[in-house]
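Below is one structure; the comments refer to it alone.
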Amino acid sequence: MNILPALVLLFTLALHFTAVANDFTRNMPDLKFTNSLTPEKLKNLDAIIILKEQSYNSTPKDYTYHGSDFSGLAIVRAKILIVKLLTEAGVKRYGSFEYEFRERFGDDFMSAFEVCVRVMKPDGTINTMDEENVSIIVTRETSDGTPLARKALFKIPDLAAGDVVQIEYIHSEPFSFSSSGIFFYNDRDPVLYSNVYITLPAKTIASFVSLPPNRVAQPKVDQVSTTYGAGETYFWGLKNLNRIPEEPYARTFADQSILTAFTLERYEPSGMHAPMSWDYLAKDFYKHELDEDDVSTGDIARLGFSPKEPAPTMETVDRLYTALRKEIHLDDDNSVYPLSSNISSVFKKKKGDASDVSYIMMNILKHWRTTAQAVLIRDKREGVYERSVPAMTWFDRLGVLVTVNGQEKLYDFDRSIPHTYEQPWFVNDIDVVVIHPDRAEHKRIGVRSDIGQCVSRELHRISFASGAKAKDSLTVRLNGAQAQHYRNMWYDAEESDLHNNIRSLLLTHTMSDVDTATMNGFLAEKEISIRGVGTSAARVSRIDSFITFAPKNHLLRSLHDKIYSASRLSDLLLDEPFKLKMDWEITIPQGYALAQPLAGTSSTGAGNSSYAVSYTLDRDRYTISAEGTFPETIIMLDSYKQFTSFLQTFTEAVEKEVVFRRVK
């Protein structure tokens with residue numbers, strides 16, 4: 001786990017965050033101190049977090065549910081942020097809030113969510129946000145309306161750069177089957193004080209892990225109360241933590257942050273908690289989440305299959321995947337817990353998340369007596385899970401590991417994957433947890449991206465109109481990670497919005513005006529094909545007996561836009577090895593001829609990247625062909641400038657001015 005160089009602070013702090021008598025747990029810091037935190041002193045920062053405090057409190061509870069008695073833990077999670085906003089970007093980052101939580105028992109045992117927000121202006125005025133600014137909505141429910149998840153949302157009014165904002169929220173979960181937690185000390189902005197409190201019941205033995213091990217001291221331990229048998233609170237505190245900014249193609253936040261995690265080794269009063277382990281989690285998950293509703297034969301038939309499909313092959317499984325994707329619209333947010341107790345509601349609503357559809361697929365394959373196992377997925381976009389911390393919190397969704405005639409294949413229902421299944425870059429070469437009825441299995445998905453399948457292409461057919469304009473008939477074909485990125489971004493777009501998105505893509509780098517813009521069925525097909533006809537953005541000059549033309553490209557320029565930063569702070573991690581191929585077929589105007597040599601060019605750059613540009617002339621057609629190869633995915637920070645310089649040189653080579661001379 002790599003940690004960025006520590007932030008060097010130019011001042012000494014002497015702050016005491018004491019409890020207060022009103023609705024807020026902590027006092028606002030001193031006004032003189034907060035006003036001393038200015039953009040001039042803290043250059044290149046959007047905000048600075050004065051206090052980040054996270055707490056976890058579990059208490060034994062007894063319940064009666066549908067006539068049955070339960071014993072378990074009620075869990076209260078709380079978080080406090082006190083932040084000085086330095087720029088409008090900081091205002092945008094902290095000015096709105098979302099927090100989603102699961103409702104395991106619907107409205108029978110509802111979770112509670114409370115939030116308090118106040119803002120201190122530079123003149124010391126303090127404004128407290130009204131409760132009506134907070135909305136709590138149901139984000140996931142069964143077909144009969146039973147809520148399964150809720151989300152709290154709010155936007156802070158009248159927030160501006162220079163303000164100090166304090167956000168405190170508490171989420172109370174009335175009943176939990178297991179107890180564990182992961183707490184990250186760092187944040188997207190520098191943190192001056194970062195505290196973690198974990199309170200556990202009496203007679204509890206917990207296992208704590210902090211990573212990296214040498215960055216976090218042993219916790220301070222205090223008795224909750226003097227009452228016999230009272231539990232204990234464990235406290236960790238760190239100061240002056242570096243920011244982990246959101247950079248494109250960077251290591252994930254979780255893989256860079258300092259963290260503390262815990263799991264229960266033993267909790268005696270309830271008798272329901274065994275020593276926490278991956279095997280315990282797998283058995284508990286299988287019992288409560290996977291051994292539930294069956295998929296009806298009618299729903300299987302609706303997908304176009306027999307409930308007892310004879311001798312299914314991997315191609316049959318691929319067709320099942322496609323049928324499920326066409327039938328069920330995928331939610332934007334995932335839960336690792338499927339609607340297994342009411343799976344028919346997914347078919348009724350024709351809507352569900354990745355875990356719901358994975359459960360359905362696994363269930364159907366069991367009808368067919370085909371080996372199919374649920375797997376817990378934490379993909380490369382989130383980082384790696386820590387094996388020493390067995391916790392469901394690591395994972396985002398379920399997938400299905402299928403075995404047919406000795407061949408294994410992982411099926412994932414992420415929205416970025418086309419209906420015709422392809423394994424996406426973010427689950428290539430990762431570890432997953434396979435759920436067996438009696439154990440967990442850590443398994444490496446060893447598939448790696450094939451550079452031959454990750455080739456994106458761009459073809460321009462150029463003809464010259466009168467004046468200083470050129471007509472362009474452009475086709476952009478995206479594959480691999482590039483196609484997956486756009487598919488995820490456009491998944492929910494309405495037809496009109498999608499048309500505007502395509503036009504915007506064409507106008508960004510290659511066209512100044514678009515006459516027509518179309519796209520293939522990008523949700524179904526592996527390759528996204530975009531076609532546009534319009535006026536080229538390339539500069540055309542007519543001087544004396546010469547016409548000059550400077551081509552424009554989409555693929556290289558969009559890549560450069562995504563990765564370029566004047567102050568990159570971390571290594572560059574490209575999604576996968578890939579190639580870019582670009583061609584310009586230019587019809588030479590009648591009466592003109594090429595006025596420059598056909599000598600090609602090539603070069604190499606960081607990460608063994610390379611490019612080659614060649615030119616051909618066939619009667620009245622002049623063709624520029626360019627190919628860039630990017631075989632390595634890790635560009636170290638000290639090679640970043642060399643890599644961006646390589647991209648700039650490549651761009652200049654393909655956009656080199658073309659000159660035609662009048663000959664008649």
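Letters A, B, ... go to the chains of the structure tokens in the order shown; residues in each chain start at 1; ligands are counted from 1 in the same order.
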Run DSSP on the backbone and tell me which residues of stretch 480-602 of chain A come out as strand (DSSP E); list them as a PyMOL selection string.
chain A and resi 511-519+528-536+539-543+546-550+572-573+578-587+592-594+601-602
Set the distance at 7 Å and use only C-alpha atoms: which residues neighbour A:Val447 once local chain neighbours fewer than 2 positions away are removed? I'd like the list as a PyMOL selection string.
chain A and resi 428-429+445+449
Go ahead and save the picked residues with N, CA and C atoms, as a PDB file, in the first residue's frame.
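What landed in again21.pdb:
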ATOM      1  N   ASN A 428     -10.096  -8.605 -14.637  1.00  0.00           N
ATOM      2  CA  ASN A 428      -8.990  -9.414 -15.123  1.00  0.00           C
ATOM      3  C   ASN A 428      -7.879  -9.451 -14.079  1.00  0.00           C
ATOM      4  N   ASP A 429      -7.401 -10.640 -13.805  1.00  0.00           N
ATOM      5  CA  ASP A 429      -6.249 -10.828 -12.911  1.00  0.00           C
ATOM      6  C   ASP A 429      -6.522 -10.259 -11.514  1.00  0.00           C
ATOM      7  N   ILE A 445      -8.659 -14.884 -10.569  1.00  0.00           N
ATOM      8  CA  ILE A 445      -9.188 -14.883 -11.937  1.00  0.00           C
ATOM      9  C   ILE A 445      -8.040 -14.452 -12.833  1.00  0.00           C
ATOM     10  N   SER A 449      -6.044  -9.099 -20.181  1.00  0.00           N
ATOM     11  CA  SER A 449      -6.497  -8.444 -21.410  1.00  0.00           C
ATOM     12  C   SER A 449      -5.556  -8.782 -22.557  1.00  0.00           C
TER      13      SER A 449
END
According to DSSP computed on the backbone, where in stretch 227-398 of chain A is there alpha helix (DSSP H)? Give the residues as a PyMOL selection string.
chain A and resi 253-256+278-285+297-302+314-327+344-349+354-367
Top pick for closest residue to A:Phe183, considering A:Ser36, A:Gln256, A:Gln54, A:Ser610 and counting only C-alpha atoms
A:Gln54
Which one of A:Arg539, A:Gln482, A:Leu81, A:Thr87 sits closest to A:Lys43 if you count only C-alpha atoms?
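Among the listed residues, A:Thr87 lies closest to A:Lys43.
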What does the structure give for the distance between atom CA of A:Thr629 and atom CA of A:Thr644, in Å to one decimal?
14.3 Å
Give me the residues near A:Pro312 as an MDAnalysis selection string, where near means some atom within 8 Å (using only C-alpha atoms) and where sequence neighbours in that chain fewer than 5 positions away do not count.
chainID A and resid 317 368 370
What does the structure give for the distance between atom CA of A:Ser496 and atom CA of A:Ile530, in Å to one decimal?
15.4 Å
Please list as JSON, numbers by chain every residue within 7 Å of A:Asp583, counting only C-alpha atoms and excluding residues in the same chain fewer than 4 positions away.
{"A": [458, 459, 460, 623, 624, 625, 626]}
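Take the candidates A:Lys579, A:Arg319, A:Lys469, A:Arg557 and check each one against A:Thr535 using only C-alpha atoms; the shortest distance goes to A:Lys469.
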Could you check how far atom CA of A:Ile528 sits from atom CA of A:Arg487, in Å to one decimal?
8.2 Å
Find the residue from A:Tyr564, A:Phe70, A:Phe643, A:Phe650 that sits nearest to A:Glu247; use only C-alpha atoms when measuring.
A:Tyr564
Skip A:His367 itself and residues of its chain fewer than 6 positions away, then list as a ChimeraX atom specification all residues within 10 Å of it, counting only C-alpha atoms.
/A:294-295,297,300,306-309,361
File of the preceding selection, N, CA, C and O atoms, as a short mmCIF file (atom, residue, chain, number, x, y, z; two decimals), in the first residue's frame:
data_model
loop_
_atom_site.label_atom_id
_atom_site.label_comp_id
_atom_site.auth_asym_id
_atom_site.auth_seq_id
_atom_site.Cartn_x
_atom_site.Cartn_y
_atom_site.Cartn_z
N ASP A 294 -36.42 -19.81 -5.44
CA ASP A 294 -36.07 -20.46 -6.70
C ASP A 294 -36.63 -19.62 -7.85
O ASP A 294 -37.64 -18.93 -7.70
N VAL A 295 -35.96 -19.67 -8.99
CA VAL A 295 -36.47 -19.02 -10.19
C VAL A 295 -37.52 -19.93 -10.81
O VAL A 295 -37.29 -21.13 -10.99
N THR A 297 -40.12 -21.84 -13.36
CA THR A 297 -39.97 -22.40 -14.71
C THR A 297 -40.54 -21.45 -15.75
O THR A 297 -40.06 -21.39 -16.89
N ILE A 300 -37.91 -18.87 -16.53
CA ILE A 300 -36.86 -19.47 -17.36
C ILE A 300 -37.34 -19.57 -18.81
O ILE A 300 -36.61 -19.25 -19.75
N SER A 306 -35.25 -23.91 -21.69
CA SER A 306 -35.98 -24.97 -21.01
C SER A 306 -35.52 -25.03 -19.56
O SER A 306 -34.34 -24.84 -19.27
N PRO A 307 -36.43 -25.31 -18.62
CA PRO A 307 -36.03 -25.47 -17.22
C PRO A 307 -35.01 -26.59 -17.03
O PRO A 307 -34.25 -26.58 -16.06
N LYS A 308 -35.00 -27.54 -17.93
CA LYS A 308 -34.03 -28.64 -17.87
C LYS A 308 -33.25 -28.67 -19.18
O LYS A 308 -33.32 -29.62 -19.96
N GLU A 309 -32.48 -27.64 -19.42
CA GLU A 309 -31.72 -27.52 -20.67
C GLU A 309 -30.78 -28.71 -20.81
O GLU A 309 -29.95 -28.97 -19.93
N MET A 361 -29.02 -16.07 -12.45
CA MET A 361 -28.23 -16.92 -13.37
C MET A 361 -27.76 -18.19 -12.66
O MET A 361 -27.87 -19.30 -13.21
#
Stretch 413-423 of chain A environment, 6 Å, only C-alpha atoms, sequence neighbours closer than 5 positions dropped, as a ChimeraX atom specification:
/A:322,325,354,484,487-488,523-526
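Counting only C-alpha atoms and comparing A:Pro631, A:Pro29, A:Gly162, A:Gly532, the residue that lies closest to A:Ser504 is A:Gly532.
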